[in-house]
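Raw target.tsv, TSV, C-alpha atoms:
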```
chain	number	residue	atom	x	y	z
Z	29	MET	CA	65.42	-60.18	-60.98
Z	30	ALA	CA	61.93	-60.36	-59.51
Z	31	ARG	CA	59.87	-57.24	-58.96
Z	32	THR	CA	60.84	-55.40	-55.81
Z	33	ALA	CA	58.17	-56.01	-53.20
Z	34	THR	CA	57.02	-53.29	-50.84
Z	35	GLY	CA	57.11	-53.77	-47.09
Z	36	THR	CA	53.34	-54.29	-47.01
Z	37	ASP	CA	53.61	-56.89	-49.78
Z	38	VAL	CA	56.27	-58.82	-47.87
Z	39	VAL	CA	54.32	-59.10	-44.62
Z	40	HIS	CA	51.14	-60.07	-46.52
Z	41	ARG	CA	52.99	-62.73	-48.50
Z	42	ALA	CA	54.62	-64.07	-45.34
Z	43	ARG	CA	51.15	-64.63	-43.91
Z	44	GLY	CA	50.40	-66.73	-46.98
Z	45	LEU	CA	53.36	-69.01	-46.18
Z	46	HIS	CA	51.92	-70.36	-42.92
Z	47	ASP	CA	50.66	-73.66	-44.34
Z	48	LEU	CA	53.90	-74.33	-46.22
Z	49	LEU	CA	56.12	-73.52	-43.25
Z	50	ARG	CA	54.03	-75.63	-40.86
Z	51	ASP	CA	54.15	-78.56	-43.28
Z	52	GLU	CA	57.94	-78.28	-43.64
Z	53	ARG	CA	58.63	-77.79	-39.93
Z	54	PRO	CA	58.97	-81.51	-39.02
Z	55	ALA	CA	61.52	-82.12	-41.80
Z	56	GLY	CA	63.45	-79.01	-40.79
Z	57	GLU	CA	63.57	-80.22	-37.19
Z	58	ARG	CA	64.77	-83.63	-38.34
Z	59	ASP	CA	67.47	-82.31	-40.68
Z	60	ARG	CA	68.41	-79.41	-38.36
Z	61	ARG	CA	68.08	-76.82	-41.13
Z	62	LEU	CA	65.20	-75.32	-43.07
Z	63	THR	CA	64.11	-77.40	-46.04
Z	64	ASP	CA	64.71	-76.19	-49.58
Z	65	ARG	CA	60.95	-75.73	-49.99
Z	66	ALA	CA	60.74	-73.54	-46.90
Z	67	VAL	CA	63.67	-71.37	-48.01
Z	68	ALA	CA	62.27	-71.10	-51.53
Z	69	GLY	CA	58.95	-70.01	-50.07
Z	70	LEU	CA	60.59	-67.33	-47.93
Z	71	ARG	CA	62.58	-66.04	-50.88
Z	72	GLY	CA	59.60	-66.11	-53.20
Z	73	ALA	CA	57.63	-64.03	-50.72
Z	74	GLY	CA	60.47	-61.52	-50.40
Z	75	ALA	CA	60.83	-62.34	-46.70
Z	76	LEU	CA	64.63	-62.49	-47.00
Z	77	ARG	CA	64.79	-59.03	-48.59
Z	78	GLY	CA	63.34	-57.01	-45.73
Z	79	TRP	CA	66.58	-55.16	-44.93
Z	80	VAL	CA	68.39	-55.46	-48.25
Z	81	PRO	CA	69.06	-51.89	-49.45
Z	82	GLU	CA	66.36	-50.70	-51.83
Z	83	SER	CA	68.99	-49.90	-54.45
Z	84	PHE	CA	69.77	-53.63	-54.60
Z	85	GLY	CA	66.13	-54.75	-54.71
Z	86	GLY	CA	65.22	-54.68	-51.02
Z	87	ALA	CA	61.74	-54.27	-49.55
Z	88	GLY	CA	62.47	-51.10	-47.56
Z	89	LEU	CA	61.16	-52.24	-44.18
Z	90	ASP	CA	61.78	-50.09	-41.12
Z	91	LEU	CA	62.36	-51.67	-37.71
Z	92	ALA	CA	58.63	-51.90	-37.01
Z	93	GLY	CA	58.11	-53.66	-40.33
Z	94	MET	CA	60.92	-56.14	-39.70
Z	95	VAL	CA	59.54	-56.90	-36.24
Z	96	GLN	CA	56.11	-57.51	-37.79
Z	97	LEU	CA	57.61	-59.74	-40.48
Z	98	VAL	CA	59.57	-61.85	-37.98
Z	99	ARG	CA	56.51	-62.23	-35.75
Z	100	GLU	CA	54.40	-63.30	-38.73
Z	101	VAL	CA	56.83	-65.95	-39.96
Z	102	THR	CA	57.49	-67.21	-36.42
Z	103	ARG	CA	53.81	-68.00	-35.93
Z	104	ALA	CA	54.19	-70.78	-38.51
Z	105	ASP	CA	57.75	-71.86	-37.69
Z	106	PRO	CA	59.98	-70.24	-35.06
Z	107	ALA	CA	63.16	-71.41	-36.81
Z	108	ALA	CA	62.06	-69.77	-40.05
Z	109	GLY	CA	61.24	-66.55	-38.19
Z	110	TRP	CA	64.65	-66.66	-36.53
Z	111	LEU	CA	66.41	-66.92	-39.89
Z	112	VAL	CA	64.36	-64.08	-41.37
Z	113	MET	CA	65.61	-62.00	-38.43
Z	114	ILE	CA	69.26	-63.12	-38.49
Z	115	LEU	CA	69.73	-62.95	-42.25
Z	116	GLY	CA	67.94	-59.60	-42.26
Z	117	VAL	CA	70.47	-58.26	-39.76
Z	118	GLY	CA	73.22	-59.48	-42.09
Z	119	ASP	CA	71.75	-57.41	-44.92
Z	120	TRP	CA	71.28	-54.41	-42.62
Z	121	LEU	CA	74.91	-54.44	-41.52
Z	122	THR	CA	76.21	-55.14	-45.03
Z	123	ALA	CA	74.80	-51.74	-45.97
Z	124	GLN	CA	77.34	-50.15	-43.60
Z	125	PHE	CA	80.29	-51.53	-45.59
Z	126	ASP	CA	82.09	-49.84	-48.47
Z	127	VAL	CA	79.84	-49.75	-51.54
Z	128	ARG	CA	82.29	-52.04	-53.36
Z	129	ALA	CA	81.59	-54.74	-50.78
Z	130	GLN	CA	77.85	-54.20	-51.11
Z	131	ARG	CA	78.06	-54.63	-54.89
Z	132	GLU	CA	79.92	-57.90	-54.41
Z	133	VAL	CA	77.43	-59.24	-51.89
Z	134	PHE	CA	74.36	-58.34	-53.93
Z	135	ALA	CA	75.88	-59.06	-57.34
Z	136	THR	CA	73.59	-62.07	-57.76
Z	137	GLY	CA	70.47	-60.24	-56.58
Z	138	PRO	CA	68.70	-59.42	-53.32
Z	139	ASP	CA	68.26	-63.03	-52.17
Z	140	THR	CA	71.93	-63.81	-51.60
Z	141	SER	CA	71.66	-63.74	-47.75
Z	142	THR	CA	74.46	-63.01	-45.28
Z	143	CYS	CA	74.75	-64.99	-42.07
Z	144	GLN	CA	76.80	-63.54	-39.26
Z	145	VAL	CA	78.69	-64.18	-36.03
Z	146	LEU	CA	79.52	-60.75	-34.66
Z	147	THR	CA	81.58	-61.88	-31.67
Z	148	PRO	CA	85.31	-61.49	-32.50
Z	149	LYS	CA	86.21	-65.17	-32.64
Z	150	GLY	CA	88.83	-64.74	-35.36
Z	151	SER	CA	92.22	-63.06	-35.69
Z	152	SER	CA	93.53	-60.80	-38.45
Z	153	THR	CA	97.00	-60.17	-39.82
Z	154	ARG	CA	97.80	-57.29	-42.13
Z	155	THR	CA	98.84	-58.10	-45.69
Z	156	GLY	CA	99.00	-56.21	-48.96
Z	157	GLY	CA	95.62	-54.64	-49.73
Z	158	GLY	CA	93.79	-56.32	-46.90
Z	159	TRP	CA	93.92	-58.89	-44.13
Z	160	LEU	CA	94.52	-62.58	-43.58
Z	161	VAL	CA	91.76	-63.85	-41.30
Z	162	SER	CA	91.69	-67.12	-39.37
Z	163	GLY	CA	89.24	-68.49	-36.85
Z	164	SER	CA	86.17	-70.52	-36.03
Z	165	TRP	CA	82.76	-68.94	-35.64
Z	166	ALA	CA	79.53	-70.31	-34.20
Z	167	PRO	CA	76.61	-70.37	-34.01
Z	168	ALA	CA	76.15	-69.22	-37.61
Z	169	SER	CA	72.38	-69.42	-38.07
Z	170	GLY	CA	71.33	-70.01	-41.67
Z	171	CYS	CA	74.89	-70.47	-42.94
Z	172	ARG	CA	73.88	-73.19	-45.38
Z	173	HIS	CA	71.36	-70.83	-47.00
Z	174	ALA	CA	73.78	-67.87	-47.24
Z	175	ARG	CA	76.34	-66.98	-49.87
Z	176	TRP	CA	78.21	-64.63	-47.55
Z	177	ALA	CA	79.24	-64.65	-43.91
Z	178	MET	CA	79.92	-61.60	-41.72
Z	179	LEU	CA	82.44	-62.61	-39.07
Z	180	GLY	CA	83.88	-60.88	-36.02
Z	181	THR	CA	87.66	-60.64	-35.78
Z	182	ARG	CA	90.19	-59.20	-33.39
Z	183	GLN	CA	92.59	-56.71	-34.98
Z	184	PRO	CA	96.29	-56.49	-33.99
Z	185	ASP	CA	95.57	-53.32	-31.97
Z	186	GLY	CA	92.94	-55.17	-29.90
Z	187	SER	CA	89.93	-53.59	-31.60
Z	188	SER	CA	87.11	-55.61	-33.16
Z	189	ALA	CA	86.15	-55.64	-36.81
Z	190	LEU	CA	83.58	-57.32	-39.03
Z	191	VAL	CA	84.70	-58.99	-42.26
Z	192	LEU	CA	82.68	-60.27	-45.20
Z	193	VAL	CA	83.71	-63.66	-46.59
Z	194	PRO	CA	81.99	-65.83	-49.23
Z	195	THR	CA	80.67	-68.96	-47.53
Z	196	ASP	CA	82.26	-71.16	-50.19
Z	197	GLU	CA	85.65	-70.11	-48.79
Z	198	LEU	CA	84.70	-71.45	-45.35
Z	199	VAL	CA	84.37	-74.92	-43.91
Z	200	ILE	CA	80.94	-75.65	-42.40
Z	201	THR	CA	81.01	-78.24	-39.62
Z	202	ASP	CA	77.80	-79.90	-38.44
Z	203	THR	CA	77.76	-78.99	-34.75
Z	204	TRP	CA	74.15	-77.90	-34.24
Z	205	HIS	CA	72.70	-80.60	-31.95
Z	206	VAL	CA	70.50	-78.67	-29.54
Z	207	LEU	CA	67.24	-78.60	-27.58
Z	208	GLY	CA	65.37	-76.06	-29.68
Z	209	MET	CA	65.57	-73.90	-32.79
Z	210	ARG	CA	66.93	-77.04	-34.42
Z	211	ALA	CA	66.04	-76.02	-37.97
Z	212	THR	CA	68.14	-72.84	-37.86
Z	213	GLY	CA	71.23	-74.84	-38.84
Z	214	SER	CA	73.40	-72.66	-36.60
Z	215	GLU	CA	76.60	-74.51	-37.36
Z	216	LEU	CA	80.33	-73.84	-37.09
Z	217	LEU	CA	82.22	-71.84	-39.73
Z	218	SER	CA	85.99	-71.99	-39.92
Z	219	GLY	CA	88.79	-70.81	-42.16
Z	220	ARG	CA	92.52	-70.22	-42.12
Z	221	GLU	CA	94.40	-67.27	-43.65
Z	222	LEU	CA	91.45	-66.14	-45.72
Z	223	PHE	CA	92.29	-63.03	-47.71
Z	224	VAL	CA	89.81	-60.23	-47.06
Z	225	PRO	CA	90.35	-56.96	-48.99
Z	226	ASP	CA	90.16	-53.69	-47.08
Z	227	HIS	CA	86.78	-52.76	-48.54
Z	228	ARG	CA	85.24	-55.86	-46.93
Z	229	VAL	CA	86.42	-54.93	-43.42
Z	230	LEU	CA	84.41	-52.70	-41.07
Z	231	ALA	CA	85.39	-51.51	-37.59
Z	232	ARG	CA	82.73	-52.45	-35.03
Z	233	ALA	CA	83.23	-49.80	-32.34
Z	234	PRO	CA	82.13	-46.79	-34.45
Z	235	LEU	CA	78.81	-48.50	-35.18
Z	236	THR	CA	78.05	-48.84	-31.47
Z	237	ARG	CA	78.79	-45.12	-31.00
Z	238	GLY	CA	76.46	-44.07	-33.81
Z	239	ASP	CA	79.14	-43.37	-36.41
Z	240	PHE	CA	77.51	-44.97	-39.44
Z	241	PRO	CA	79.57	-44.87	-42.65
Z	242	THR	CA	76.77	-45.93	-45.00
Z	243	GLU	CA	75.71	-43.83	-47.96
Z	244	HIS	CA	72.13	-45.10	-47.70
Z	245	THR	CA	69.63	-42.52	-46.45
Z	246	HIS	CA	66.85	-44.68	-44.97
Z	247	PRO	CA	66.62	-43.96	-41.21
Z	248	ARG	CA	67.04	-47.66	-40.34
Z	249	TYR	CA	70.73	-47.35	-41.21
Z	250	ARG	CA	71.13	-44.83	-38.37
Z	251	MET	CA	69.46	-46.91	-35.65
Z	252	ALA	CA	71.37	-47.50	-32.43
Z	253	LEU	CA	72.96	-50.88	-33.13
Z	254	VAL	CA	72.83	-52.85	-29.87
Z	255	PRO	CA	69.37	-51.84	-28.60
Z	256	ALA	CA	67.95	-52.38	-32.09
Z	257	LEU	CA	69.38	-55.90	-32.19
Z	258	ALA	CA	68.10	-56.64	-28.68
Z	259	THR	CA	64.65	-55.29	-29.52
Z	260	LEU	CA	64.52	-57.40	-32.67
Z	261	LEU	CA	65.26	-60.48	-30.57
Z	262	THR	CA	61.96	-59.97	-28.74
Z	263	ALA	CA	59.99	-60.55	-31.95
Z	264	PRO	CA	60.25	-64.35	-32.18
Z	265	MET	CA	59.83	-64.73	-28.43
Z	266	LEU	CA	56.65	-62.67	-28.37
Z	267	SER	CA	55.20	-64.52	-31.33
Z	268	MET	CA	55.84	-67.88	-29.63
Z	269	ALA	CA	54.14	-66.72	-26.43
Z	270	GLU	CA	51.14	-65.44	-28.40
Z	271	ALA	CA	50.90	-68.70	-30.37
Z	272	ALA	CA	50.93	-70.69	-27.12
Z	273	LEU	CA	48.19	-68.51	-25.63
Z	274	GLU	CA	46.05	-68.95	-28.73
Z	275	HIS	CA	46.51	-72.73	-28.66
Z	276	VAL	CA	45.61	-73.04	-24.98
Z	277	LEU	CA	42.54	-70.80	-25.29
Z	278	ASP	CA	41.29	-72.66	-28.37
Z	279	ARG	CA	41.28	-75.97	-26.49
Z	280	ALA	CA	40.01	-74.74	-23.13
Z	281	GLY	CA	36.45	-75.81	-23.97
Z	282	SER	CA	37.35	-79.36	-24.92
Z	283	ARG	CA	39.88	-80.33	-22.23
Z	284	GLY	CA	38.94	-81.23	-18.70
Z	285	VAL	CA	40.79	-80.67	-15.44
Z	286	PRO	CA	42.23	-84.01	-14.26
Z	287	PHE	CA	41.17	-85.34	-10.84
Z	288	THR	CA	38.30	-82.84	-10.65
Z	289	SER	CA	34.67	-82.82	-11.74
Z	290	ARG	CA	35.29	-80.03	-14.26
Z	291	ALA	CA	34.82	-81.27	-17.82
Z	292	ARG	CA	36.09	-78.02	-19.33
Z	293	GLN	CA	39.22	-76.11	-18.36
Z	294	GLN	CA	37.52	-72.83	-19.17
Z	295	ASP	CA	35.14	-73.34	-16.22
Z	296	SER	CA	37.98	-73.59	-13.72
Z	297	PRO	CA	38.80	-70.38	-11.80
Z	298	ALA	CA	42.40	-71.57	-11.46
Z	299	PHE	CA	42.65	-71.94	-15.23
Z	300	GLN	CA	41.00	-68.57	-15.77
Z	301	LEU	CA	43.55	-66.90	-13.51
Z	302	ALA	CA	46.44	-68.68	-15.24
Z	303	VAL	CA	45.50	-67.60	-18.76
Z	304	ALA	CA	44.78	-64.07	-17.54
Z	305	GLU	CA	48.25	-63.84	-16.01
Z	306	ALA	CA	49.86	-65.27	-19.13
Z	307	ALA	CA	47.97	-62.86	-21.38
Z	308	ALA	CA	48.94	-59.91	-19.17
Z	309	LYS	CA	52.61	-60.89	-19.34
Z	310	THR	CA	52.41	-61.25	-23.11
Z	311	ASP	CA	50.73	-57.84	-23.36
Z	312	ALA	CA	53.44	-56.28	-21.20
Z	313	ALA	CA	56.15	-57.77	-23.40
Z	314	ARG	CA	54.48	-56.44	-26.54
Z	315	VAL	CA	54.08	-52.94	-25.09
Z	316	ALA	CA	57.72	-52.83	-24.00
Z	317	ALA	CA	59.00	-54.06	-27.35
Z	318	ASP	CA	56.76	-51.81	-29.44
Z	319	ASP	CA	57.70	-48.75	-27.40
Z	320	ALA	CA	61.38	-49.54	-27.88
Z	321	VAL	CA	60.78	-49.74	-31.62
Z	322	ARG	CA	59.10	-46.35	-31.52
Z	323	VAL	CA	61.95	-44.73	-29.57
Z	324	LEU	CA	64.65	-46.20	-31.80
Z	325	GLN	CA	62.88	-45.19	-34.99
Z	326	GLN	CA	62.28	-41.66	-33.73
Z	327	HIS	CA	65.95	-41.17	-32.91
Z	328	ALA	CA	66.95	-42.55	-36.31
Z	329	ALA	CA	64.47	-40.27	-38.10
Z	330	ASP	CA	65.76	-37.27	-36.15
Z	331	GLY	CA	69.38	-38.16	-36.88
Z	332	THR	CA	70.20	-38.41	-33.16
Z	333	HIS	CA	71.93	-41.21	-31.28
Z	334	PRO	CA	70.52	-42.28	-27.90
Z	335	ASP	CA	72.84	-41.70	-24.96
Z	336	PRO	CA	74.34	-44.69	-23.08
Z	337	VAL	CA	71.63	-44.58	-20.40
Z	338	LEU	CA	68.85	-44.89	-22.95
Z	339	ARG	CA	70.70	-47.50	-25.01
Z	340	THR	CA	71.27	-49.78	-22.04
Z	341	ARG	CA	67.74	-49.08	-20.77
Z	342	LEU	CA	66.30	-50.27	-24.09
Z	343	ARG	CA	68.48	-53.38	-23.99
Z	344	MET	CA	67.24	-54.10	-20.47
Z	345	ARG	CA	63.69	-53.55	-21.64
Z	346	ALA	CA	64.20	-56.25	-24.28
Z	347	VAL	CA	65.50	-58.59	-21.57
Z	348	HIS	CA	62.39	-57.89	-19.50
Z	349	ALA	CA	60.11	-58.56	-22.48
Z	350	VAL	CA	61.81	-61.90	-23.15
Z	351	ARG	CA	61.49	-62.86	-19.47
Z	352	GLN	CA	57.78	-62.08	-19.56
Z	353	CYS	CA	57.38	-64.31	-22.60
Z	354	HIS	CA	59.20	-67.15	-20.84
Z	355	ARG	CA	56.96	-66.78	-17.78
Z	356	ALA	CA	53.81	-66.64	-19.91
Z	357	LEU	CA	54.81	-69.83	-21.71
Z	358	ASP	CA	55.52	-71.59	-18.44
Z	359	GLU	CA	52.13	-70.63	-17.00
Z	360	LEU	CA	50.31	-71.68	-20.17
Z	361	ILE	CA	52.00	-75.08	-20.30
Z	362	THR	CA	51.21	-75.71	-16.65
Z	363	ALA	CA	47.59	-74.65	-17.14
Z	364	HIS	CA	47.15	-76.74	-20.30
Z	365	GLY	CA	48.54	-79.80	-18.57
Z	366	ALA	CA	51.16	-82.50	-19.02
Z	367	GLY	CA	49.93	-83.15	-22.56
Z	368	SER	CA	51.83	-79.98	-23.51
Z	369	LEU	CA	55.05	-81.96	-23.27
Z	370	ALA	CA	54.05	-84.60	-25.80
Z	371	GLU	CA	56.04	-84.34	-29.01
Z	372	THR	CA	52.78	-84.19	-30.95
Z	373	SER	CA	51.73	-81.00	-29.14
Z	374	PRO	CA	52.62	-77.62	-30.68
Z	375	LEU	CA	53.40	-76.43	-27.15
Z	376	HIS	CA	56.26	-78.93	-26.95
Z	377	GLY	CA	58.03	-77.32	-29.91
Z	378	LEU	CA	57.31	-73.80	-28.70
Z	379	LEU	CA	58.76	-74.60	-25.29
Z	380	ARG	CA	61.98	-76.00	-26.77
Z	381	ASP	CA	62.39	-73.18	-29.25
Z	382	ALA	CA	61.73	-70.47	-26.67
Z	383	GLN	CA	64.20	-71.98	-24.22
Z	384	THR	CA	66.89	-71.83	-26.90
Z	385	ALA	CA	66.05	-68.49	-28.53
Z	386	GLY	CA	65.68	-66.71	-25.19
Z	387	ARG	CA	69.29	-67.54	-24.24
Z	388	HIS	CA	70.91	-65.35	-26.89
Z	389	ALA	CA	73.92	-63.61	-25.35
Z	390	LEU	CA	72.70	-60.14	-26.26
Z	391	ILE	CA	69.69	-60.55	-23.99
Z	392	ASP	CA	71.48	-62.30	-21.15
Z	393	PRO	CA	69.78	-60.93	-18.02
Z	394	ALA	CA	72.85	-60.73	-15.78
Z	395	THR	CA	75.17	-59.06	-18.27
Z	396	SER	CA	72.49	-56.63	-19.44
Z	397	ALA	CA	71.61	-55.68	-15.86
Z	398	GLU	CA	75.27	-55.19	-14.96
Z	399	LEU	CA	75.78	-52.84	-17.89
Z	400	PHE	CA	72.59	-50.91	-17.16
Z	401	GLY	CA	73.49	-50.61	-13.48
Z	402	ARG	CA	77.02	-49.42	-14.21
Z	403	ILE	CA	75.74	-46.79	-16.64
Z	404	LEU	CA	73.07	-45.61	-14.18
Z	405	LEU	CA	75.78	-45.24	-11.54
Z	406	ASP	CA	78.02	-43.33	-13.96
Z	407	LEU	CA	80.65	-46.09	-13.92
Z	408	ASP	CA	82.77	-47.17	-16.87
Z	409	PRO	CA	80.97	-50.13	-18.51
Z	410	GLU	CA	84.48	-51.59	-19.11
Z	411	ILE	CA	83.36	-55.13	-20.01
Z	412	THR	CA	82.13	-54.34	-23.54
Z	413	GLU	CA	81.82	-51.71	-26.24
Z	414	MET	CA	78.46	-53.23	-27.21
Z	415	LEU	CA	76.21	-50.57	-25.70
```
Using structure tokens, write down the structure that the file contains.
Amino acid sequence: MARTATGTDVVHRARGLHDLLRDERPAGERDRRLTDRAVAGLRGAGALRGWVPESFGGAGLDLAGMVQLVREVTRADPAAGWLVMILGVGDWLTAQFDVRAQREVFATGPDTSTCQVLTPKGSSTRTGGGWLVSGSWAPASGCRHARWAMLGTRQPDGSSALVLVPTDELVITDTWHVLGMRATGSELLSGRELFVPDHRVLARAPLTRGDFPTEHTHPRYRMALVPALATLLTAPMLSMAEAALEHVLDRAGSRGVPFTSRARQQDSPAFQLAVAEAAAKTDAARVAADDAVRVLQQHAADGTHPDPVLRTRLRMRAVHAVRQCHRALDELITAHGAGSLAETSPLHGLLRDAQTAGRHALIDPATSAELFGRILLDLDPEITEML
């Protein structure tokens, strides 16, 4: 096993992957999954160990560190950043399972990777010593790079549970034909009557209420589940908006304004206003996301669980941050000009990836606002336990 890298090491090494990930990005887009070279680079840098428990060789990142890592990788390739995030969440949640399950998952070392589809798209039937699980789950980002899958199932009593299944027991169907985030390989997993022993089954509802069964002591294992996931989803979006801003500013002195006498965009007041607005929106998104990280980490360090108002407020804050990133990207692409939409332009890929990443169900604006509004009005949220 390789030497355990510290959190600082991991982020520094991820920065050193930029050239490799940029070079591999076209092939990943073409094949609709990260290339072997890209995955090997991420693993070699320890970027897929950020939330593996330290006792199994993990890097020991807190939420702020994971956000920083995802942002850093995303700057080179949004799909790679997305998988660092998603597979990291798989490791984070694996640490909540019975220690016997953790030993199985990490038996081959810290780079095993666990993809996940947390929505209960499967069914479970009780059998001796465990459950028979059947279903189809998608989108399972990074499933072809993972040895384990964490899948949502519906129990006979109507409750939801998460089960851990080796990916070699599942059928992977190539269904990922999408606008953006093409290289995440978010394909369909399916299986029928898969035996899952009791120690690889975890009830979902207690996690959302702050009842964490893990024996690990790091505060990240006591973070409020849903707002932490929503906040983490802002990381790739923010990085894409910042990359777009950097690209547009870098070329403002060499591009003219069509159908005007201005030879440089940077001399145009309209362009100046557009980039200022985009930068302000990006700044607002970063402040909102970073403050949510601070609040979540403080509660975890104090051993307290945020109340429903704060949890749904933080989720809504993540939605707002993602919206600001979308708006900033739109303004930057309009300011830069129609050349942004050429396939050879980095802005073209950023636009596609942001449109796809920003539609994750956990940061759906309407659902998040409904939940927040119901909680503010002291009404039963009723539509979900995911608060």
*For Gln124 (chain Z), which residue among Z:Leu277, Z:Leu230, Z:Ala271, Z:Val39 is the nearest when counting all atoms listed in the file?*
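Using all atoms listed in the file, the shortest distance to Gln124 (chain Z) belongs to Z:Leu230.
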*Write out as a list in words which residues come within 12 Å of Gln300 (chain Z) when counting only C-alpha atoms, dropping same-chain ones fewer than 4 positions away.*
Val276, Leu277, Ala280, Gly281, Arg292, Gln293, Gln294, Asp295, Ser296, Ala304, Glu305, Ala306, Ala307, Glu359, Leu360, Ala363 and His364 of chain Z
Dump as an mmCIF file, in the coordinates of the input, selection limited to C-alpha atoms:
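In the end it all went to selection12.cif:
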```cif
data_model
loop_
_atom_site.group_PDB
_atom_site.id
_atom_site.type_symbol
_atom_site.label_atom_id
_atom_site.label_comp_id
_atom_site.auth_asym_id
_atom_site.auth_seq_id
_atom_site.Cartn_x
_atom_site.Cartn_y
_atom_site.Cartn_z
ATOM 1 C CA VAL Z 276 45.610 -73.040 -24.980
ATOM 2 C CA LEU Z 277 42.540 -70.800 -25.290
ATOM 3 C CA ALA Z 280 40.010 -74.740 -23.130
ATOM 4 C CA GLY Z 281 36.450 -75.810 -23.970
ATOM 5 C CA ARG Z 292 36.090 -78.020 -19.330
ATOM 6 C CA GLN Z 293 39.220 -76.110 -18.360
ATOM 7 C CA GLN Z 294 37.520 -72.830 -19.170
ATOM 8 C CA ASP Z 295 35.140 -73.340 -16.220
ATOM 9 C CA SER Z 296 37.980 -73.590 -13.720
ATOM 10 C CA ALA Z 304 44.780 -64.070 -17.540
ATOM 11 C CA GLU Z 305 48.250 -63.840 -16.010
ATOM 12 C CA ALA Z 306 49.860 -65.270 -19.130
ATOM 13 C CA ALA Z 307 47.970 -62.860 -21.380
ATOM 14 C CA GLU Z 359 52.130 -70.630 -17.000
ATOM 15 C CA LEU Z 360 50.310 -71.680 -20.170
ATOM 16 C CA ALA Z 363 47.590 -74.650 -17.140
ATOM 17 C CA HIS Z 364 47.150 -76.740 -20.300
#
```
*Which is closest to His227 (chain Z) among Z:Phe125, Z:Trp159, Z:Trp204, Z:Phe134, if we use all atoms listed in the file?*
Z:Phe125
*Selected residue of minimal separation from Asp185 (chain Z) among Z:Thr153, Z:Gln144, Z:Ser162, Z:Thr36, counting only C-alpha atoms*: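 Closest residue, counting only C-alpha atoms: Z:Thr153.
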_I'd like to know which of Z:Leu260, Z:Arg290, Z:Ala211, Z:Ser368 is closest to Asp64 (chain Z), using all atoms listed in the file._
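Once distances to Asp64 (chain Z) are computed over all atoms listed in the file, the minimum belongs to Z:Ala211.
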*region 168-181 of chain Z: which residues within 9 Å, counting only C-alpha atoms, same-chain residues fewer than 5 positions away excluded, as JSON, numbers by chain?*
{"Z": [61, 62, 64, 67, 110, 111, 114, 115, 118, 121, 122, 133, 139, 140, 141, 142, 143, 144, 145, 146, 147, 148, 149, 150, 151, 152, 161, 162, 163, 187, 188, 189, 190, 191, 192, 193, 194, 195, 196, 198, 200, 211, 212, 213, 214, 215, 216, 217, 232]}
Keeping only C-alpha atoms, take the residues you just selected and write them out as an mmCIF file, in the coordinates of the input.
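So the final result, stored in result-v1.cif, reads:
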```cif
data_model
loop_
_atom_site.group_PDB
_atom_site.id
_atom_site.type_symbol
_atom_site.label_atom_id
_atom_site.label_comp_id
_atom_site.auth_asym_id
_atom_site.auth_seq_id
_atom_site.Cartn_x
_atom_site.Cartn_y
_atom_site.Cartn_z
ATOM 1 C CA ARG Z 61 68.080 -76.820 -41.130
ATOM 2 C CA LEU Z 62 65.200 -75.320 -43.070
ATOM 3 C CA ASP Z 64 64.710 -76.190 -49.580
ATOM 4 C CA VAL Z 67 63.670 -71.370 -48.010
ATOM 5 C CA TRP Z 110 64.650 -66.660 -36.530
ATOM 6 C CA LEU Z 111 66.410 -66.920 -39.890
ATOM 7 C CA ILE Z 114 69.260 -63.120 -38.490
ATOM 8 C CA LEU Z 115 69.730 -62.950 -42.250
ATOM 9 C CA GLY Z 118 73.220 -59.480 -42.090
ATOM 10 C CA LEU Z 121 74.910 -54.440 -41.520
ATOM 11 C CA THR Z 122 76.210 -55.140 -45.030
ATOM 12 C CA VAL Z 133 77.430 -59.240 -51.890
ATOM 13 C CA ASP Z 139 68.260 -63.030 -52.170
ATOM 14 C CA THR Z 140 71.930 -63.810 -51.600
ATOM 15 C CA SER Z 141 71.660 -63.740 -47.750
ATOM 16 C CA THR Z 142 74.460 -63.010 -45.280
ATOM 17 C CA CYS Z 143 74.750 -64.990 -42.070
ATOM 18 C CA GLN Z 144 76.800 -63.540 -39.260
ATOM 19 C CA VAL Z 145 78.690 -64.180 -36.030
ATOM 20 C CA LEU Z 146 79.520 -60.750 -34.660
ATOM 21 C CA THR Z 147 81.580 -61.880 -31.670
ATOM 22 C CA PRO Z 148 85.310 -61.490 -32.500
ATOM 23 C CA LYS Z 149 86.210 -65.170 -32.640
ATOM 24 C CA GLY Z 150 88.830 -64.740 -35.360
ATOM 25 C CA SER Z 151 92.220 -63.060 -35.690
ATOM 26 C CA SER Z 152 93.530 -60.800 -38.450
ATOM 27 C CA VAL Z 161 91.760 -63.850 -41.300
ATOM 28 C CA SER Z 162 91.690 -67.120 -39.370
ATOM 29 C CA GLY Z 163 89.240 -68.490 -36.850
ATOM 30 C CA SER Z 187 89.930 -53.590 -31.600
ATOM 31 C CA SER Z 188 87.110 -55.610 -33.160
ATOM 32 C CA ALA Z 189 86.150 -55.640 -36.810
ATOM 33 C CA LEU Z 190 83.580 -57.320 -39.030
ATOM 34 C CA VAL Z 191 84.700 -58.990 -42.260
ATOM 35 C CA LEU Z 192 82.680 -60.270 -45.200
ATOM 36 C CA VAL Z 193 83.710 -63.660 -46.590
ATOM 37 C CA PRO Z 194 81.990 -65.830 -49.230
ATOM 38 C CA THR Z 195 80.670 -68.960 -47.530
ATOM 39 C CA ASP Z 196 82.260 -71.160 -50.190
ATOM 40 C CA LEU Z 198 84.700 -71.450 -45.350
ATOM 41 C CA ILE Z 200 80.940 -75.650 -42.400
ATOM 42 C CA ALA Z 211 66.040 -76.020 -37.970
ATOM 43 C CA THR Z 212 68.140 -72.840 -37.860
ATOM 44 C CA GLY Z 213 71.230 -74.840 -38.840
ATOM 45 C CA SER Z 214 73.400 -72.660 -36.600
ATOM 46 C CA GLU Z 215 76.600 -74.510 -37.360
ATOM 47 C CA LEU Z 216 80.330 -73.840 -37.090
ATOM 48 C CA LEU Z 217 82.220 -71.840 -39.730
ATOM 49 C CA ARG Z 232 82.730 -52.450 -35.030
#
```
